[in-house]
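Student: Here you go, input.pdb (PDB, C-alpha atoms, pLDDT in the B column):
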```
ATOM      1  CA  MET A   1     -21.610  15.703   6.220  1.00 37.00           C
ATOM      2  CA  GLU A   2     -19.792  16.050   9.511  1.00 35.00           C
ATOM      3  CA  PRO A   3     -16.002  15.771   9.394  1.00 37.00           C
ATOM      4  CA  ARG A   4     -14.635  12.620  10.965  1.00 36.00           C
ATOM      5  CA  THR A   5     -11.393  12.244  12.881  1.00 34.00           C
ATOM      6  CA  THR A   6      -8.981   9.440  12.119  1.00 37.00           C
ATOM      7  CA  ALA A   7      -6.816   7.545  14.586  1.00 37.00           C
ATOM      8  CA  ALA A   8      -3.978   9.893  13.686  1.00 36.00           C
ATOM      9  CA  GLY A   9      -5.970  12.870  14.902  1.00 36.00           C
ATOM     10  CA  LEU A  10      -6.663  14.298  11.450  1.00 37.00           C
ATOM     11  CA  SER A  11      -9.996  15.883  10.847  1.00 33.00           C
ATOM     12  CA  GLN A  12     -11.086  14.654   7.443  1.00 36.00           C
ATOM     13  CA  GLY A  13     -13.119  16.828   5.127  1.00 36.00           C
ATOM     14  CA  THR A  14     -12.255  20.140   6.826  1.00 35.00           C
ATOM     15  CA  GLY A  15      -9.818  21.579   4.325  1.00 38.00           C
ATOM     16  CA  ALA A  16      -6.358  20.919   2.955  1.00 40.00           C
ATOM     17  CA  ASP A  17      -3.180  21.413   4.907  1.00 42.00           C
ATOM     18  CA  ALA A  18      -1.937  24.854   3.919  1.00 43.00           C
ATOM     19  CA  SER A  19       1.655  23.828   4.607  1.00 44.00           C
ATOM     20  CA  LEU A  20       1.663  21.405   1.681  1.00 42.00           C
ATOM     21  CA  PRO A  21       2.802  22.431  -1.808  1.00 43.00           C
ATOM     22  CA  ARG A  22       0.096  23.945  -4.011  1.00 43.00           C
ATOM     23  CA  GLY A  23       0.683  21.235  -6.605  1.00 44.00           C
ATOM     24  CA  ILE A  24      -1.179  18.621  -4.573  1.00 42.00           C
ATOM     25  CA  LEU A  25      -4.066  20.740  -3.290  1.00 41.00           C
ATOM     26  CA  TRP A  26      -6.272  19.344  -6.065  1.00 43.00           C
ATOM     27  CA  MET A  27      -6.504  16.072  -4.137  1.00 55.00           C
ATOM     28  CA  PRO A  28      -9.328  15.286  -1.688  1.00 58.00           C
ATOM     29  CA  ASP A  29      -8.841  16.706   1.795  1.00 58.00           C
ATOM     30  CA  GLU A  30      -8.448  13.210   3.266  1.00 64.00           C
ATOM     31  CA  ALA A  31      -5.522  12.387   0.955  1.00 67.00           C
ATOM     32  CA  VAL A  32      -3.849  15.740   1.600  1.00 70.00           C
ATOM     33  CA  GLY A  33      -4.208  15.244   5.337  1.00 67.00           C
ATOM     34  CA  ALA A  34      -2.753  11.747   5.110  1.00 68.00           C
ATOM     35  CA  LEU A  35       0.245  12.946   3.107  1.00 74.00           C
ATOM     36  CA  ALA A  36       0.786  15.728   5.636  1.00 76.00           C
ATOM     37  CA  LEU A  37       1.695  13.045   8.162  1.00 75.00           C
ATOM     38  CA  LEU A  38       4.887  12.393   6.210  1.00 77.00           C
ATOM     39  CA  ARG A  39       6.137  15.757   7.477  1.00 82.00           C
ATOM     40  CA  ARG A  40       6.050  14.433  11.031  1.00 84.00           C
ATOM     41  CA  PRO A  41       9.342  12.938  12.256  1.00 85.00           C
ATOM     42  CA  PHE A  42       7.889   9.654  13.540  1.00 87.00           C
ATOM     43  CA  CYS A  43       5.996   8.872  10.336  1.00 87.00           C
ATOM     44  CA  ALA A  44       8.916   9.900   8.130  1.00 89.00           C
ATOM     45  CA  ALA A  45      11.286   7.762  10.199  1.00 93.00           C
ATOM     46  CA  SER A  46       8.870   4.805  10.000  1.00 92.00           C
ATOM     47  CA  VAL A  47       8.719   5.040   6.211  1.00 93.00           C
ATOM     48  CA  LEU A  48      12.499   5.352   5.970  1.00 95.00           C
ATOM     49  CA  ALA A  49      13.111   2.394   8.289  1.00 96.00           C
ATOM     50  CA  LEU A  50      10.642   0.159   6.456  1.00 95.00           C
ATOM     51  CA  ALA A  51      12.026   1.116   3.051  1.00 96.00           C
ATOM     52  CA  LEU A  52      15.600   0.469   4.218  1.00 96.00           C
ATOM     53  CA  ILE A  53      14.599  -2.976   5.503  1.00 96.00           C
ATOM     54  CA  PHE A  54      13.012  -3.843   2.163  1.00 96.00           C
ATOM     55  CA  LEU A  55      15.938  -2.502   0.156  1.00 96.00           C
ATOM     56  CA  THR A  56      18.491  -4.281   2.327  1.00 95.00           C
ATOM     57  CA  ILE A  57      16.673  -7.581   1.819  1.00 95.00           C
ATOM     58  CA  GLY A  58      16.495  -6.829  -1.895  1.00 95.00           C
ATOM     59  CA  PHE A  59      20.220  -6.132  -2.055  1.00 95.00           C
ATOM     60  CA  LEU A  60      21.043  -9.349  -0.208  1.00 94.00           C
ATOM     61  CA  ARG A  61      18.875 -11.345  -2.613  1.00 92.00           C
ATOM     62  CA  PHE A  62      19.581  -9.623  -5.936  1.00 91.00           C
ATOM     63  CA  GLY A  63      22.668  -7.417  -5.466  1.00 91.00           C
ATOM     64  CA  TRP A  64      23.082  -4.236  -7.522  1.00 91.00           C
ATOM     65  CA  THR A  65      21.126  -5.596 -10.462  1.00 91.00           C
ATOM     66  CA  PRO A  66      18.502  -4.061 -12.769  1.00 90.00           C
ATOM     67  CA  ARG A  67      15.880  -6.095 -10.945  1.00 90.00           C
ATOM     68  CA  LEU A  68      16.629  -4.314  -7.668  1.00 93.00           C
ATOM     69  CA  TRP A  69      16.598  -0.917  -9.351  1.00 94.00           C
ATOM     70  CA  CYS A  70      13.217  -1.682 -10.916  1.00 93.00           C
ATOM     71  CA  LEU A  71      11.832  -2.836  -7.569  1.00 94.00           C
ATOM     72  CA  THR A  72      13.097   0.159  -5.596  1.00 96.00           C
ATOM     73  CA  PRO A  73      10.287   2.643  -6.486  1.00 96.00           C
ATOM     74  CA  LEU A  74       7.655  -0.013  -5.767  1.00 96.00           C
ATOM     75  CA  LEU A  75       9.187  -0.933  -2.411  1.00 96.00           C
ATOM     76  CA  ILE A  76       9.377   2.725  -1.385  1.00 96.00           C
ATOM     77  CA  ALA A  77       5.757   3.299  -2.430  1.00 96.00           C
ATOM     78  CA  LEU A  78       4.622   0.238  -0.469  1.00 96.00           C
ATOM     79  CA  SER A  79       6.484   1.512   2.590  1.00 96.00           C
ATOM     80  CA  VAL A  80       4.679   4.855   2.391  1.00 95.00           C
ATOM     81  CA  ILE A  81       1.311   3.172   1.815  1.00 95.00           C
ATOM     82  CA  ALA A  82       1.774   0.824   4.785  1.00 94.00           C
ATOM     83  CA  VAL A  83       2.576   3.668   7.187  1.00 93.00           C
ATOM     84  CA  LEU A  84      -0.199   5.960   5.939  1.00 92.00           C
ATOM     85  CA  ASP A  85      -2.807   3.213   6.053  1.00 90.00           C
ATOM     86  CA  LEU A  86      -1.804   2.257   9.581  1.00 87.00           C
ATOM     87  CA  ARG A  87      -2.174   5.855  10.742  1.00 86.00           C
ATOM     88  CA  THR A  88      -5.116   7.140   8.698  1.00 84.00           C
ATOM     89  CA  LYS A  89      -6.784   4.201   6.868  1.00 84.00           C
ATOM     90  CA  ILE A  90      -6.232   6.212   3.676  1.00 85.00           C
ATOM     91  CA  ILE A  91      -4.261   5.197   0.561  1.00 90.00           C
ATOM     92  CA  PRO A  92      -3.834   8.274  -1.688  1.00 89.00           C
ATOM     93  CA  ASP A  93      -4.292   7.821  -5.434  1.00 90.00           C
ATOM     94  CA  ILE A  94      -1.063   9.771  -5.978  1.00 90.00           C
ATOM     95  CA  LEU A  95       0.769   6.647  -4.791  1.00 92.00           C
ATOM     96  CA  THR A  96      -1.241   3.847  -6.374  1.00 94.00           C
ATOM     97  CA  LEU A  97      -2.138   5.181  -9.828  1.00 94.00           C
ATOM     98  CA  PRO A  98       1.441   6.155 -10.808  1.00 94.00           C
ATOM     99  CA  GLY A  99       2.528   2.835  -9.296  1.00 96.00           C
ATOM    100  CA  ILE A 100       0.222   0.923 -11.633  1.00 96.00           C
ATOM    101  CA  ALA A 101       1.543   2.863 -14.626  1.00 96.00           C
ATOM    102  CA  TYR A 102       5.146   2.299 -13.522  1.00 96.00           C
ATOM    103  CA  ALA A 103       4.645  -1.456 -13.105  1.00 95.00           C
ATOM    104  CA  LEU A 104       3.103  -1.691 -16.578  1.00 95.00           C
ATOM    105  CA  VAL A 105       5.980   0.286 -18.133  1.00 95.00           C
ATOM    106  CA  VAL A 106       8.525  -1.963 -16.416  1.00 93.00           C
ATOM    107  CA  ALA A 107       6.679  -5.011 -17.742  1.00 92.00           C
ATOM    108  CA  ALA A 108       6.685  -3.540 -21.250  1.00 91.00           C
ATOM    109  CA  PHE A 109      10.437  -2.924 -21.332  1.00 89.00           C
ATOM    110  CA  THR A 110      11.850  -5.811 -19.313  1.00 83.00           C
ATOM    111  CA  GLU A 111      11.762  -9.570 -19.651  1.00 71.00           C
ATOM    112  CA  SER A 112      10.752 -10.262 -16.055  1.00 70.00           C
ATOM    113  CA  SER A 113       7.006 -10.174 -16.735  1.00 74.00           C
ATOM    114  CA  PRO A 114       5.345  -9.758 -20.155  1.00 86.00           C
ATOM    115  CA  LEU A 115       2.997  -6.796 -20.508  1.00 90.00           C
ATOM    116  CA  PRO A 116      -0.139  -8.943 -21.120  1.00 91.00           C
ATOM    117  CA  ASP A 117       0.573 -10.793 -17.854  1.00 93.00           C
ATOM    118  CA  ALA A 118       0.945  -7.467 -16.035  1.00 94.00           C
ATOM    119  CA  VAL A 119      -2.357  -6.169 -17.439  1.00 95.00           C
ATOM    120  CA  LEU A 120      -4.107  -9.412 -16.522  1.00 96.00           C
ATOM    121  CA  GLY A 121      -2.590  -9.207 -13.053  1.00 95.00           C
ATOM    122  CA  ALA A 122      -3.826  -5.642 -12.558  1.00 96.00           C
ATOM    123  CA  VAL A 123      -7.337  -6.610 -13.637  1.00 97.00           C
ATOM    124  CA  THR A 124      -7.292  -9.746 -11.484  1.00 96.00           C
ATOM    125  CA  GLY A 125      -6.016  -7.976  -8.386  1.00 95.00           C
ATOM    126  CA  GLY A 126      -8.254  -4.948  -8.661  1.00 95.00           C
ATOM    127  CA  GLY A 127     -11.264  -7.013  -9.698  1.00 95.00           C
ATOM    128  CA  THR A 128     -10.882  -9.490  -6.852  1.00 94.00           C
ATOM    129  CA  VAL A 129     -10.720  -6.781  -4.200  1.00 93.00           C
ATOM    130  CA  LEU A 130     -13.577  -4.918  -5.903  1.00 92.00           C
ATOM    131  CA  LEU A 131     -15.750  -8.020  -5.506  1.00 91.00           C
ATOM    132  CA  VAL A 132     -14.740  -8.232  -1.849  1.00 87.00           C
ATOM    133  CA  ALA A 133     -15.651  -4.561  -1.404  1.00 85.00           C
ATOM    134  CA  MET A 134     -19.073  -5.127  -2.954  1.00 87.00           C
ATOM    135  CA  VAL A 135     -19.784  -8.155  -0.776  1.00 86.00           C
ATOM    136  CA  SER A 136     -18.496  -6.537   2.411  1.00 76.00           C
ATOM    137  CA  ARG A 137     -20.396  -3.294   1.740  1.00 72.00           C
ATOM    138  CA  GLY A 138     -17.595  -0.851   2.397  1.00 66.00           C
ATOM    139  CA  ALA A 139     -15.225  -2.852   4.598  1.00 69.00           C
ATOM    140  CA  VAL A 140     -12.649  -2.523   1.802  1.00 79.00           C
ATOM    141  CA  GLY A 141     -12.035   0.860   0.200  1.00 82.00           C
ATOM    142  CA  GLY A 142     -11.096   2.149  -3.229  1.00 86.00           C
ATOM    143  CA  GLY A 143      -7.497   2.589  -2.165  1.00 90.00           C
ATOM    144  CA  ASP A 144      -7.238  -1.120  -1.416  1.00 92.00           C
ATOM    145  CA  ILE A 145      -8.636  -1.911  -4.878  1.00 93.00           C
ATOM    146  CA  LYS A 146      -6.024   0.242  -6.604  1.00 95.00           C
ATOM    147  CA  LEU A 147      -3.273  -1.156  -4.384  1.00 96.00           C
ATOM    148  CA  ALA A 148      -4.238  -4.680  -5.427  1.00 96.00           C
ATOM    149  CA  ALA A 149      -4.191  -3.577  -9.073  1.00 97.00           C
ATOM    150  CA  LEU A 150      -0.675  -2.149  -8.555  1.00 97.00           C
ATOM    151  CA  LEU A 151       0.573  -5.408  -7.085  1.00 97.00           C
ATOM    152  CA  GLY A 152      -1.154  -7.378  -9.832  1.00 96.00           C
ATOM    153  CA  ALA A 153       0.663  -5.332 -12.461  1.00 95.00           C
ATOM    154  CA  ALA A 154       3.965  -5.987 -10.682  1.00 94.00           C
ATOM    155  CA  LEU A 155       3.472  -9.659  -9.788  1.00 94.00           C
ATOM    156  CA  GLY A 156       1.043 -11.043 -12.363  1.00 93.00           C
ATOM    157  CA  TRP A 157      -2.308 -12.668 -11.670  1.00 93.00           C
ATOM    158  CA  ASN A 158      -0.949 -15.638  -9.741  1.00 93.00           C
ATOM    159  CA  GLY A 159       1.349 -13.468  -7.649  1.00 94.00           C
ATOM    160  CA  VAL A 160      -1.363 -11.024  -6.630  1.00 95.00           C
ATOM    161  CA  LEU A 161      -3.745 -13.839  -5.693  1.00 95.00           C
ATOM    162  CA  ALA A 162      -1.007 -15.245  -3.448  1.00 95.00           C
ATOM    163  CA  VAL A 163      -0.561 -11.791  -1.891  1.00 95.00           C
ATOM    164  CA  LEU A 164      -4.275 -11.464  -1.204  1.00 94.00           C
ATOM    165  CA  ALA A 165      -4.412 -14.930   0.350  1.00 93.00           C
ATOM    166  CA  LEU A 166      -1.346 -14.222   2.496  1.00 92.00           C
ATOM    167  CA  SER A 167      -2.721 -10.850   3.606  1.00 90.00           C
ATOM    168  CA  GLN A 168      -6.048 -12.393   4.611  1.00 87.00           C
ATOM    169  CA  VAL A 169      -4.290 -14.948   6.809  1.00 89.00           C
ATOM    170  CA  ALA A 170      -2.090 -12.249   8.335  1.00 87.00           C
ATOM    171  CA  ALA A 171      -5.072  -9.926   8.919  1.00 80.00           C
ATOM    172  CA  ALA A 172      -7.002 -12.721  10.625  1.00 81.00           C
ATOM    173  CA  LEU A 173      -4.071 -13.444  12.952  1.00 85.00           C
ATOM    174  CA  ILE A 174      -3.667  -9.739  13.756  1.00 80.00           C
ATOM    175  CA  ALA A 175      -7.394  -9.371  14.453  1.00 74.00           C
ATOM    176  CA  LEU A 176      -7.335 -12.425  16.715  1.00 79.00           C
ATOM    177  CA  ALA A 177      -4.357 -11.089  18.646  1.00 78.00           C
ATOM    178  CA  LEU A 178      -6.009  -7.683  19.094  1.00 72.00           C
ATOM    179  CA  LEU A 179      -9.249  -9.259  20.276  1.00 74.00           C
ATOM    180  CA  ILE A 180      -7.485 -11.531  22.762  1.00 80.00           C
ATOM    181  CA  SER A 181      -5.437  -8.630  24.121  1.00 73.00           C
ATOM    182  CA  ARG A 182      -8.591  -6.450  24.184  1.00 67.00           C
ATOM    183  CA  ARG A 183      -6.871  -3.712  22.248  1.00 66.00           C
ATOM    184  CA  ALA A 184      -9.658  -3.706  19.684  1.00 62.00           C
ATOM    185  CA  THR A 185     -13.205  -4.911  19.209  1.00 62.00           C
ATOM    186  CA  SER A 186     -14.796  -6.788  16.340  1.00 58.00           C
ATOM    187  CA  ARG A 187     -16.184  -3.480  15.047  1.00 65.00           C
ATOM    188  CA  ASP A 188     -12.825  -1.735  14.774  1.00 64.00           C
ATOM    189  CA  PRO A 189     -11.530  -1.538  11.179  1.00 65.00           C
ATOM    190  CA  LEU A 190      -8.260  -3.236  10.336  1.00 73.00           C
ATOM    191  CA  PRO A 191      -5.581  -1.511   8.221  1.00 78.00           C
ATOM    192  CA  VAL A 192      -6.158  -3.871   5.297  1.00 85.00           C
ATOM    193  CA  GLY A 193      -4.031  -1.800   2.934  1.00 89.00           C
ATOM    194  CA  ALA A 194      -1.026  -1.950   5.240  1.00 92.00           C
ATOM    195  CA  VAL A 195      -1.243  -5.730   5.458  1.00 92.00           C
ATOM    196  CA  ILE A 196      -1.584  -6.042   1.671  1.00 94.00           C
ATOM    197  CA  SER A 197       1.390  -3.696   1.187  1.00 95.00           C
ATOM    198  CA  LEU A 198       3.640  -5.712   3.474  1.00 94.00           C
ATOM    199  CA  ALA A 199       2.558  -9.010   1.892  1.00 94.00           C
ATOM    200  CA  GLY A 200       3.171  -7.490  -1.543  1.00 95.00           C
ATOM    201  CA  ALA A 201       6.666  -6.397  -0.596  1.00 95.00           C
ATOM    202  CA  VAL A 202       7.425  -9.895   0.681  1.00 94.00           C
ATOM    203  CA  MET A 203       6.302 -11.372  -2.633  1.00 94.00           C
ATOM    204  CA  LEU A 204       8.247  -8.802  -4.691  1.00 94.00           C
ATOM    205  CA  LEU A 205      11.382  -9.708  -2.776  1.00 93.00           C
ATOM    206  CA  GLY A 206      10.780 -13.395  -3.415  1.00 87.00           C
ATOM    207  CA  ALA A 207      10.762 -14.155   0.283  1.00 54.00           C
ATOM    208  CA  VAL A 208       7.968 -16.718  -0.106  1.00 49.00           C
TER     209      VAL A 208
END
```
Translate the structure described by the file into structure tokens.
Tutor:
Amino acid sequence: MEPRTTAAGLSQGTGADASLPRGILWMPDEAVGALALLRRPFCAASVLALALIFLTIGFLRFGWTPRLWCLTPLLIALSVIAVLDLRTKIIPDILTLPGIAYALVVAAFTESSPLPDAVLGAVTGGGTVLLVAMVSRGAVGGGDIKLAALLGAALGWNGVLAVLALSQVAAALIALALLISRRATSRDPLPVGAVISLAGAVMLLGAV
């Protein structure tokens, strides 16, 4: 299979970035290449700025409370996912799978969301996006499925369904704006994961 080049200029499937630590070289080349972008100043600054915005909003809403501390790892992960998906259309498992486990652990040891609700949310979120992926025949990837499962574990089944609905509306508006401005065509893929991440962060912060 011929390697393909992403919008970020990364050649996928041509080997891991040798500058990355050996501990993550077990991952697929695409994920390693996506994570390598975090070493670039613009991408790192974008992640930092987005995370600071989320955390500032969280502080204004919740103060220095256990709820904010529990949300902090999730908000940082969503910031990284949003930037990587915008640049590469790739959501590495190293971000989503630990995020699912973390959300379930938080649910097990806090009173904010019972563990059964978190499990049901993960199944609902992942299952819903899986169905969309099957119907769309590849328009939605595995990373999006795991991201939805992460948000389901953190928000519960009703929360993740609201996130998916909100992200679909936002994606449609973005696509319309790009088409009108002729910056994209109907065949160009949208960064679905980035939109879901941002909608998820909004819901986690209780902004809607």
Student: Grab the CA of Ala49 (chain A) to CA of Ala175 (chain A) distance for me, in Å with one decimal place.
Tutor: 24.4 Å
Student: If I take CA of Gly125 (chain A) and CA of Gly152 (chain A), how far is one from the other in Å, to one decimal?
Tutor: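 Computed distance, CA of Gly125 (chain A) to CA of Gly152 (chain A), equals 5.1 Å.
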Student: Grab the CA of Val83 (chain A) to CA of Ser113 (chain A) distance for me, in Å with one decimal place.
Tutor: 28.0 Å
Student: Tell me, as an MDAnalysis selection string, which residues lie within 10 Å of Phe62 (chain A), counting only C-alpha atoms; anything in the same chain fewer than 6 positions away does not count.
Tutor: chainID A and resid 56 68:69 205:206
Student: Pick out the closest residue to Val192 (chain A) from this set: A:Val140, A:Val106, A:Ala122, A:Val129. Count all atoms listed in the file.
Tutor: A:Val140
Student: Can you patch up region 97-109 of chain A, filling it in to N, CA, C and O atoms, and show the result as a compact mmCIF listing (two decimals), in the frame of the given file?
Tutor:
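And here is the file that came out, result33.txt:
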```txt
# COMPACT_ATOMS: atom_id res chain seq x y z
N LEU A 97 -1.94 5.06 -8.38
CA LEU A 97 -2.14 5.18 -9.83
C LEU A 97 -0.81 5.30 -10.59
O LEU A 97 -0.61 4.58 -11.58
N PRO A 98 0.12 6.17 -10.15
CA PRO A 98 1.44 6.16 -10.81
C PRO A 98 2.15 4.82 -10.64
O PRO A 98 2.91 4.40 -11.52
N GLY A 99 1.91 4.15 -9.51
CA GLY A 99 2.53 2.84 -9.30
C GLY A 99 2.05 1.81 -10.30
O GLY A 99 2.83 0.99 -10.79
N ILE A 100 0.76 1.83 -10.62
CA ILE A 100 0.22 0.92 -11.63
C ILE A 100 0.87 1.20 -12.98
O ILE A 100 1.32 0.28 -13.69
N ALA A 101 0.93 2.49 -13.34
CA ALA A 101 1.54 2.86 -14.63
C ALA A 101 3.01 2.44 -14.67
O ALA A 101 3.49 1.93 -15.69
N TYR A 102 3.73 2.66 -13.57
CA TYR A 102 5.15 2.30 -13.52
C TYR A 102 5.33 0.80 -13.70
O TYR A 102 6.20 0.36 -14.47
N ALA A 103 4.52 0.01 -13.01
CA ALA A 103 4.64 -1.46 -13.10
C ALA A 103 4.37 -1.93 -14.53
O ALA A 103 5.03 -2.85 -15.03
N LEU A 104 3.41 -1.31 -15.20
CA LEU A 104 3.10 -1.69 -16.58
C LEU A 104 4.24 -1.30 -17.52
O LEU A 104 4.58 -2.05 -18.45
N VAL A 105 4.84 -0.14 -17.30
CA VAL A 105 5.98 0.29 -18.13
C VAL A 105 7.16 -0.66 -17.94
O VAL A 105 7.83 -1.05 -18.91
N VAL A 106 7.44 -1.02 -16.69
CA VAL A 106 8.52 -1.96 -16.42
C VAL A 106 8.27 -3.28 -17.13
O VAL A 106 9.17 -3.88 -17.73
N ALA A 107 7.02 -3.75 -17.07
CA ALA A 107 6.68 -5.01 -17.74
C ALA A 107 6.85 -4.90 -19.25
O ALA A 107 7.24 -5.87 -19.91
N ALA A 108 6.59 -3.72 -19.80
CA ALA A 108 6.68 -3.54 -21.25
C ALA A 108 8.13 -3.53 -21.74
O ALA A 108 8.40 -3.91 -22.89
N PHE A 109 9.06 -3.11 -20.88
CA PHE A 109 10.44 -2.92 -21.33
C PHE A 109 11.44 -3.87 -20.68
O PHE A 109 12.65 -3.73 -20.87
```
